[in-house]
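Reading through the structure tokens given below for one structure.
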Number of protein chains: 2
Amino acid sequence: MPRSATIRTPASCTCDTGGRILLAAEQLFSEQGFDAVSVNAIAMRAGVSKANVFHHFNTKIALYLAVLLRARHDADAHLRSLECGEGTFATRLADFAGNHLARLLEQEQLSRLILRELLTIGPCRAQQLAEHVFEENFRRFVLILRAGQESGELRRDLDPAVVATILLGANVFFFEAKTLLRHFRDVGFVETAERFTDMLIDILLHGIRPTPRHSHRQPPRGSGTTRNTTAASRRDRERK
Amino acid sequence: MPRSATIRTPASCTCDTGGRILLAAEQLFSEQGFDAVSVNAIAMRAGVSKANVFHHFNTKIALYLAVLLRARHDADAHLRSLECGEGTFATRLADFAGNHLARLLEQEQLSRLILRELLTIGPCRAQQLAEHVFEENFRRFVLILRAGQESGELRRDLDPAVVATILLGANVFFFEAKTLLRHFRDVGFVETAERFTDMLIDILLHGIRPTPRHSHRQPPRGSGTTRNTTAASRRDRERK
DNA sequence: AGCCTGGCTGACCGAGCGGTCAGAATTTTG
DNA sequence: CAAAATTCTGACCGCTCGGTCAGCCAGGCT
């Protein structure tokens, strides 16, 4: 039995051959999609023979599943590492939104891979896998929102799932369309994801209609030096 | 010169052979993407021979471009037909959001096609075409928002493009993820797009934090008979 | 030494791909 | 009616695809 029947453990994969294949596959799949990438191309980028790819992963689709599986593993590990329970509702919301968008952007290839999978309808391939990926984040987020409702910091007449959809959708669309948005006029917020998160949270919290609080601070457009920390120093104002 | 060199006019395409091919291609491309669909499959669904497909469209990619072109034509025509200028800012916003989401849903296949195109990075294929599709809608929307700022119904310290991104992103994500969201618990708004639009506009206008206005109307969860008209009868409350 | 085992490879296979072409079938034109 | 033009098809081409297979080669064991 020369073929490795067990799925390769997600860890320990940058030095051995299987890891190189997995890495190459991740890059190519997310750049061009499943169908457009040939096993030969993966083998060439990994610096091995095509037959060797089939030696490590029985079929092309098994390799694809391994890539998706590793994506899920990484996502879970990263998000769980910053499992936050402290802070006000607003700060937790901003933290979640900022971290979610940051992860989308820094794991650009995997994000595209999963979003592409989302568009492929039907019970085919690994849709349930992407489902698991999303459900974990979604539920964790809904929990934060529920807590906000119980503490009185979030309107009780809102469906938390709708709020979650709006926030996640804004982030995902920002990610999907940023190459397009960059070419539009009227758009100046593409390069700084933090500014987008700030404005998103601001809009979600206060709405877009004029209020006495917002009518006076007119020029927040100047790009100051508000950087580095994700969401720690930006919530000086507005608390409770 | 047997081949039709000129691109087929988008209209007049359900009876003649070229139209049948175009229709079949639109369905298959949007279901499975460009690479996963063979010309043979398109020909079979259209009920013609493969060679006949190449008789009407010189190459496979020319056929793909024709499909995208027709999508843009239809989108422009439909959206321009309801070019609204009357009503308050809130109603115009709700109208735009509702119509945008309705079009996403009713033209499901084409929407998926364009979103998939959006995920394929690089200067390849017809990305600039999708760019044109989006830019038209985006600018029209930003114009509505600018008008709201000038009339004092929208905060002047907000970047209109950010507001547009949030709203469009919510709709697009609702569309993309609705098959997934349906399987989640905590989610009960998937089947009725109108309810989602209502809550989205509500959140955008008023924010998610408790206000005296919203603290009393607790149970909007019951699914009444609020249907049929897109956004005409729903703005009885809240005006200026 | 011999041998075995597992990672690895070049050569190969059948299938299906996008695309071509000569010519049949049909319609238009004179 | 016949001729010309157009629409359409079956057979075919070169090519690449996912996948297979016999065997090479290095290292560990006895």
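Ordered as shown in the structure tokens, chains take letters A, B, and onward, while each chain numbers its residues from 1 and ligands are numbered from 1 in the order shown.
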
key: Proximal residues of chain C relative to chain B (only C-alpha atoms (C1' of nucleotides); 8 Å) as a PyMOL selection string   = chain C and resi 17-19

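Between CA of Leu22 (chain B) and CA of His56 (chain B) the interatomic distance comes to 9.7 Å.
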
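Residues from chain D found within 8 Å of chain B are DT6, DC8 and DT9 of chain D, counting only C-alpha atoms (C1' of nucleotides).
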
message = Report as a ChimeraX atom specification all protein, DNA and RNA residues lying within 6 Å of region 155-159 of chain B, evaluated on only C-alpha atoms (C1' of nucleotides), omitting residues in the same chain fewer than 5 positions from it.
response = /A:208-210,218 /B:149

Hey, can you spit out that residue selection with all heavy atoms as a PDB file, in the first residue's frame?
ATOM      1  N   ILE A 208     -27.091  56.138   9.580  1.00  0.00           N
ATOM      2  CA  ILE A 208     -26.536  57.079   8.601  1.00  0.00           C
ATOM      3  C   ILE A 208     -27.268  58.419   8.610  1.00  0.00           C
ATOM      4  O   ILE A 208     -26.915  59.305   7.869  1.00  0.00           O
ATOM      5  CB  ILE A 208     -26.614  56.485   7.179  1.00  0.00           C
ATOM      6  CG1 ILE A 208     -28.054  56.215   6.779  1.00  0.00           C
ATOM      7  CG2 ILE A 208     -25.793  55.219   7.078  1.00  0.00           C
ATOM      8  CD1 ILE A 208     -28.208  55.732   5.353  1.00  0.00           C
ATOM      9  N   ARG A 209     -28.283  58.534   9.461  1.00  0.00           N
ATOM     10  CA  ARG A 209     -29.000  59.803   9.468  1.00  0.00           C
ATOM     11  C   ARG A 209     -28.291  60.798  10.366  1.00  0.00           C
ATOM     12  O   ARG A 209     -27.639  60.417  11.342  1.00  0.00           O
ATOM     13  CB  ARG A 209     -30.431  59.570   9.966  1.00  0.00           C
ATOM     14  CG  ARG A 209     -31.153  58.576   9.126  1.00  0.00           C
ATOM     15  CD  ARG A 209     -32.535  59.013   8.828  1.00  0.00           C
ATOM     16  NE  ARG A 209     -33.371  58.978  10.004  1.00  0.00           N
ATOM     17  CZ  ARG A 209     -34.713  59.000   9.937  1.00  0.00           C
ATOM     18  NH1 ARG A 209     -35.314  59.048   8.759  1.00  0.00           N
ATOM     19  NH2 ARG A 209     -35.425  58.978  11.028  1.00  0.00           N
ATOM     20  N   PRO A 210     -28.422  62.069  10.047  1.00  0.00           N
ATOM     21  CA  PRO A 210     -27.712  63.081  10.854  1.00  0.00           C
ATOM     22  C   PRO A 210     -28.195  63.070  12.289  1.00  0.00           C
ATOM     23  O   PRO A 210     -29.384  62.933  12.563  1.00  0.00           O
ATOM     24  CB  PRO A 210     -28.082  64.401  10.161  1.00  0.00           C
ATOM     25  CG  PRO A 210     -28.565  64.022   8.812  1.00  0.00           C
ATOM     26  CD  PRO A 210     -29.176  62.659   8.953  1.00  0.00           C
ATOM     27  N   GLN A 218     -16.762  67.457  11.088  1.00  0.00           N
ATOM     28  CA  GLN A 218     -16.861  67.384   9.639  1.00  0.00           C
ATOM     29  C   GLN A 218     -15.675  66.685   8.981  1.00  0.00           C
ATOM     30  O   GLN A 218     -15.866  65.855   8.124  1.00  0.00           O
ATOM     31  CB  GLN A 218     -16.970  68.801   9.071  1.00  0.00           C
ATOM     32  CG  GLN A 218     -17.157  68.842   7.570  1.00  0.00           C
ATOM     33  CD  GLN A 218     -18.618  68.744   7.196  1.00  0.00           C
ATOM     34  OE1 GLN A 218     -19.482  68.565   8.044  1.00  0.00           O
ATOM     35  NE2 GLN A 218     -18.900  68.847   5.917  1.00  0.00           N
TER      36      GLN A 218
ATOM     37  N   GLN B 149     -27.061  63.691   1.134  1.00  0.00           N
ATOM     38  CA  GLN B 149     -26.192  64.546   1.955  1.00  0.00           C
ATOM     39  C   GLN B 149     -26.523  66.015   1.750  1.00  0.00           C
ATOM     40  O   GLN B 149     -26.576  66.800   2.698  1.00  0.00           O
ATOM     41  CB  GLN B 149     -24.726  64.280   1.618  1.00  0.00           C
ATOM     42  CG  GLN B 149     -24.189  63.016   2.257  1.00  0.00           C
ATOM     43  CD  GLN B 149     -22.717  62.810   1.989  1.00  0.00           C
ATOM     44  OE1 GLN B 149     -22.236  63.074   0.887  1.00  0.00           O
ATOM     45  NE2 GLN B 149     -21.989  62.321   2.976  1.00  0.00           N
TER      46      GLN B 149
END

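Going from CA of Leu154 (chain B) over to CA of His183 (chain A), you cover 25.1 Å.
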
All residues 12 Å or closer to DA3 (chain D), only C-alpha atoms (C1' of nucleotides), same chain fewer than 6 positions away omitted, as a ChimeraX atom specification = /C:28-30

Write to file, as a short mmCIF file (atom, residue, chain, number, x, y, z; two decimals), in the first residue's frame, the residues of the selection just made, with all heavy atoms.
data_model
loop_
_atom_site.label_atom_id
_atom_site.label_comp_id
_atom_site.auth_asym_id
_atom_site.auth_seq_id
_atom_site.Cartn_x
_atom_site.Cartn_y
_atom_site.Cartn_z
P DT C 28 -36.21 31.61 -46.50
OP1 DT C 28 -36.36 32.57 -45.39
OP2 DT C 28 -37.39 30.98 -47.14
"O5'" DT C 28 -35.32 32.29 -47.65
"C5'" DT C 28 -34.00 32.70 -47.34
"C4'" DT C 28 -33.27 33.13 -48.61
"O4'" DT C 28 -33.03 31.97 -49.46
"C3'" DT C 28 -34.03 34.13 -49.48
"O3'" DT C 28 -33.17 35.21 -49.79
"C2'" DT C 28 -34.43 33.34 -50.72
"C1'" DT C 28 -33.29 32.32 -50.80
N1 DT C 28 -33.62 31.05 -51.52
C2 DT C 28 -32.86 30.69 -52.61
O2 DT C 28 -31.93 31.36 -53.03
N3 DT C 28 -33.23 29.50 -53.19
C4 DT C 28 -34.27 28.66 -52.81
O4 DT C 28 -34.50 27.62 -53.41
C5 DT C 28 -35.02 29.11 -51.66
C7 DT C 28 -36.16 28.27 -51.15
C6 DT C 28 -34.67 30.26 -51.07
P DT C 29 -33.81 36.53 -50.49
OP1 DT C 29 -33.08 37.69 -49.91
OP2 DT C 29 -35.28 36.46 -50.46
"O5'" DT C 29 -33.34 36.35 -51.99
"C5'" DT C 29 -31.96 36.12 -52.28
"C4'" DT C 29 -31.77 35.67 -53.72
"O4'" DT C 29 -32.30 34.33 -53.91
"C3'" DT C 29 -32.49 36.54 -54.77
"O3'" DT C 29 -31.53 37.06 -55.67
"C2'" DT C 29 -33.47 35.59 -55.46
"C1'" DT C 29 -32.81 34.23 -55.21
N1 DT C 29 -33.74 33.07 -55.23
C2 DT C 29 -33.51 32.05 -56.14
O2 DT C 29 -32.61 32.06 -56.94
N3 DT C 29 -34.42 31.01 -56.06
C4 DT C 29 -35.49 30.89 -55.19
O4 DT C 29 -36.22 29.90 -55.22
C5 DT C 29 -35.66 31.99 -54.27
C7 DT C 29 -36.79 31.97 -53.29
C6 DT C 29 -34.79 33.02 -54.33
P DG C 30 -31.94 38.21 -56.63
OP1 DG C 30 -30.77 39.11 -56.65
OP2 DG C 30 -33.27 38.69 -56.24
"O5'" DG C 30 -32.05 37.52 -58.07
"C5'" DG C 30 -30.90 36.94 -58.66
"C4'" DG C 30 -31.31 36.05 -59.84
"O4'" DG C 30 -31.99 34.90 -59.34
"C3'" DG C 30 -32.30 36.74 -60.78
"O3'" DG C 30 -31.60 37.23 -61.96
"C2'" DG C 30 -33.29 35.62 -61.19
"C1'" DG C 30 -32.91 34.45 -60.31
N9 DG C 30 -34.06 33.90 -59.57
C8 DG C 30 -34.78 34.50 -58.56
N7 DG C 30 -35.74 33.75 -58.09
C5 DG C 30 -35.65 32.58 -58.84
C6 DG C 30 -36.44 31.41 -58.79
O6 DG C 30 -37.39 31.16 -58.04
N1 DG C 30 -36.01 30.48 -59.73
C2 DG C 30 -34.96 30.64 -60.61
N2 DG C 30 -34.70 29.64 -61.44
N3 DG C 30 -34.21 31.73 -60.67
C4 DG C 30 -34.63 32.66 -59.75
#

message = Give me, as a ChimeraX atom specification, the residues of region 5-217 of chain B that a backbone DSSP run labels alpha helix (DSSP H).
response = /B:17-32,39-46,50-56,60-81,89-106,108-119,127-150,160-181,193-206
